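As stored in target29.cif (mmCIF, C-alpha atoms):
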```cif
data_structure
#
loop_
_atom_site.label_atom_id
_atom_site.label_comp_id
_atom_site.auth_asym_id
_atom_site.auth_seq_id
_atom_site.Cartn_x
_atom_site.Cartn_y
_atom_site.Cartn_z
CA MET Z 6 -4.82 -25.61 -6.55
CA LYS Z 7 -6.95 -22.94 -4.86
CA THR Z 8 -5.80 -24.18 -1.46
CA VAL Z 9 -2.15 -23.85 -2.41
CA ALA Z 10 -2.78 -20.36 -3.83
CA SER Z 11 -4.59 -19.35 -0.65
CA ILE Z 12 -1.76 -20.64 1.54
CA LEU Z 13 0.82 -18.81 -0.55
CA LEU Z 14 -1.23 -15.61 -0.45
CA VAL Z 15 -1.62 -15.71 3.33
CA THR Z 16 2.08 -16.51 3.75
CA PHE Z 17 3.08 -13.64 1.48
CA LEU Z 18 0.72 -11.14 3.13
CA SER Z 19 1.77 -12.10 6.63
CA ALA Z 20 5.48 -11.84 5.83
CA GLN Z 21 5.53 -8.75 3.62
CA THR Z 22 2.74 -6.54 4.97
CA PRO Z 23 1.57 -5.33 8.39
CA LEU Z 24 -1.13 -8.02 8.24
CA GLY Z 25 1.39 -10.35 9.87
CA GLN Z 26 1.11 -8.26 13.03
CA VAL Z 27 -2.43 -9.56 13.49
CA PHE Z 28 -0.98 -12.98 14.26
CA LYS Z 29 0.70 -11.42 17.31
CA LEU Z 30 -2.62 -10.50 18.95
CA PRO Z 31 -2.49 -13.54 21.30
CA LEU Z 32 0.79 -12.12 22.66
CA LEU Z 33 -0.98 -8.83 23.37
CA ILE Z 34 -3.80 -10.59 25.22
CA GLU Z 35 -1.41 -12.75 27.23
CA HIS Z 36 0.76 -9.74 28.13
CA PHE Z 37 -2.35 -7.79 29.16
CA TYR Z 38 -3.44 -10.60 31.51
CA GLU Z 39 0.02 -10.64 33.09
CA HIS Z 40 -0.22 -6.91 33.80
CA LYS Z 41 -3.81 -7.28 35.00
CA GLN Z 42 -2.76 -9.88 37.58
CA GLN Z 43 0.08 -7.66 38.80
CA SER Z 44 -1.69 -4.29 39.07
CA ASP Z 45 -5.37 -4.71 38.01
CA VAL Z 46 -5.03 -2.33 35.04
CA SER Z 47 -7.79 -1.80 32.46
CA LEU Z 48 -7.30 -2.63 28.78
CA ILE Z 49 -7.42 1.03 27.72
CA ILE Z 50 -4.79 2.05 30.27
CA PHE Z 51 -2.65 -0.92 29.24
CA ILE Z 52 -2.78 0.04 25.55
CA ILE Z 53 -2.12 3.72 26.27
CA ASP Z 54 0.78 2.82 28.52
CA HIS Z 55 2.38 0.42 26.03
CA TYR Z 56 1.74 2.29 22.77
CA SER Z 57 1.51 6.04 23.40
CA HIS Z 58 4.97 6.64 24.87
CA GLU Z 59 8.12 4.77 25.75
CA HIS Z 60 7.12 2.13 28.29
CA HIS Z 61 9.85 1.21 30.78
CA ASP Z 62 9.50 -1.84 32.97
CA ALA Z 63 11.22 -5.17 33.64
CA ASP Z 64 9.70 -6.94 30.61
CA LYS Z 65 10.93 -4.65 27.84
CA SER Z 66 11.84 -7.60 25.57
CA GLU Z 67 8.23 -8.85 25.79
CA ASP Z 68 6.93 -5.33 25.15
CA GLN Z 69 8.88 -5.13 21.89
CA GLN Z 70 7.21 -8.33 20.64
CA LEU Z 71 3.70 -6.87 20.89
CA PRO Z 72 1.81 -6.32 17.63
CA PHE Z 73 2.34 -3.03 15.79
CA LYS Z 74 5.15 -2.12 18.21
CA THR Z 75 7.83 -2.19 15.54
CA VAL Z 76 7.39 -1.20 11.91
CA VAL Z 77 9.10 -3.21 9.21
CA LEU Z 78 9.07 -1.72 5.73
CA CYS Z 79 9.54 -4.15 2.88
CA ASN Z 80 9.89 -3.19 -0.73
CA ILE Z 81 9.16 -5.72 -3.39
CA GLY Z 82 10.59 -5.15 -6.82
CA SER Z 83 10.45 -7.17 -9.94
CA ALA Z 84 11.91 -6.91 -13.39
CA ILE Z 85 10.88 -8.59 -16.59
CA VAL Z 86 13.86 -9.29 -18.79
CA PRO Z 87 13.26 -10.57 -22.32
CA ALA Z 88 15.00 -13.78 -23.30
CA ALA Z 89 16.75 -12.19 -26.30
CA ILE Z 90 17.57 -8.56 -26.94
CA ARG Z 91 17.77 -7.49 -30.56
CA SER Z 92 20.29 -4.74 -31.26
CA ASP Z 93 20.44 -4.68 -35.05
CA PHE Z 94 17.67 -2.17 -35.60
CA SER Z 95 17.64 1.59 -35.65
CA VAL Z 96 14.89 4.14 -35.28
CA GLN Z 97 14.77 7.10 -37.61
CA PRO Z 98 12.83 10.02 -36.21
CA ASP Z 99 10.07 11.25 -38.51
CA ARG Z 100 9.73 14.85 -39.52
CA PRO Z 101 7.21 16.67 -37.37
CA GLN Z 102 3.97 17.18 -39.23
CA ASN Z 103 2.16 20.47 -39.12
CA VAL Z 104 -1.30 20.09 -37.68
CA THR Z 105 -3.82 22.77 -38.51
CA VAL Z 106 -7.07 23.17 -36.63
CA ASN Z 107 -9.98 25.10 -38.05
CA ASP Z 108 -10.99 27.86 -35.71
CA VAL Z 109 -14.72 27.11 -35.89
CA HIS Z 110 -15.51 27.38 -32.20
CA THR Z 111 -14.73 30.27 -29.97
CA PRO Z 112 -13.97 29.54 -26.29
CA GLN Z 113 -17.10 31.39 -25.14
CA GLN Z 114 -19.35 28.87 -26.88
CA HIS Z 115 -17.96 26.05 -24.77
CA LEU Z 116 -18.67 27.89 -21.54
CA CYS Z 117 -22.43 28.10 -22.16
CA SER Z 118 -23.19 24.40 -22.06
CA ILE Z 119 -21.25 21.19 -21.78
CA PHE Z 120 -23.80 19.24 -23.82
CA HIS Z 121 -23.64 19.75 -27.58
CA PRO Z 122 -25.23 17.73 -30.36
CA PRO Z 123 -22.85 16.01 -32.74
CA ARG Z 124 -21.68 18.24 -35.57
CA VAL Z 125 -21.36 17.18 -39.16
CA ILE Z 126 -18.21 18.49 -40.76
CA SER Z 127 -18.66 19.16 -44.44
#
```

Show me, as structure tokens, the structure contained in the file I just sent.
Amino acid sequence: MKTVASILLVTFLSAQTPLGQVFKLPLLIEHFYEHKQQSDVSLIIFIIDHYSHEHHDADKSEDQQLPFKTVVLCNIGSAIVPAAIRSDFSVQPDRPQNVTVNDVHTPQQHLCSIFHPPRVIS
């Protein structure tokens, strides 16, 4: 059961989050080696050239398949709908109750210290 849950979790994360772009890293390495054979470019120059600005060359379709080249935003929503909805009840609002607070403490007492012993109200 844990294996199935793990497979489902990896499938979900790879399809619905940018984590799926990590699986495209072999494409990046292969594309880098192609450019390295053509013009002996370093990895840093390759990444800057392909990711910092619009890269124009003959293999634009391959460039668009590189990881983190395109951003796909997915929203996942869910709703829980009860099996039966009861509509034969009504809610009567209660009268607001007046709450009175004894003015025992003045605000200046609270500024002196944040630690106070418990008080017994008599």

Would you list the residues near (-5.6, 0.4, 22.7), meaning any protein, DNA or RNA residue with an atom at most 12 Å from that point in file coordinates, counting all atoms listed in the file, as a list in words?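 In the file's frame, the residues around the point are Leu30, Leu33, Ile34, Phe37, Ser47, Leu48, Ile49, Ile50, Phe51, Ile52, Ile53, Asp54, His55, Tyr56, Ser57, Leu71, Pro72, Phe73 and Lys74 of chain Z.
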
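Interatomic distance, CA of Val46 (chain Z) against CA of Gln69 (chain Z): 19.3 Å.
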
Pick the closest to Gln26 (chain Z) from Z:Ser66, Z:Gln42, Z:Thr75, Z:Thr8: which is it, counting only C-alpha atoms?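 Of all the options, Z:Thr75 lies closest to Gln26 (chain Z).
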
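What the PyMOL selection byres ((chain Z and resi 25) around 12) matches in the given file is Leu14, Val15, Thr16, Phe17, Leu18, Ser19, Ala20, Gln21, Thr22, Pro23, Leu24, Gln26, Val27, Phe28, Lys29, Leu30, Leu71, Pro72, Phe73, Thr75, Val76 and Val77 of chain Z.
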
What is the distance, in Å and to one decimal place, between CA of Pro87 (chain Z) and CA of Val9 (chain Z)?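 CA of Pro87 (chain Z) sits 28.5 Å away from CA of Val9 (chain Z).
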
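Here CA of Gln70 (chain Z) is placed at a distance of 7.7 Å from CA of Leu32 (chain Z).
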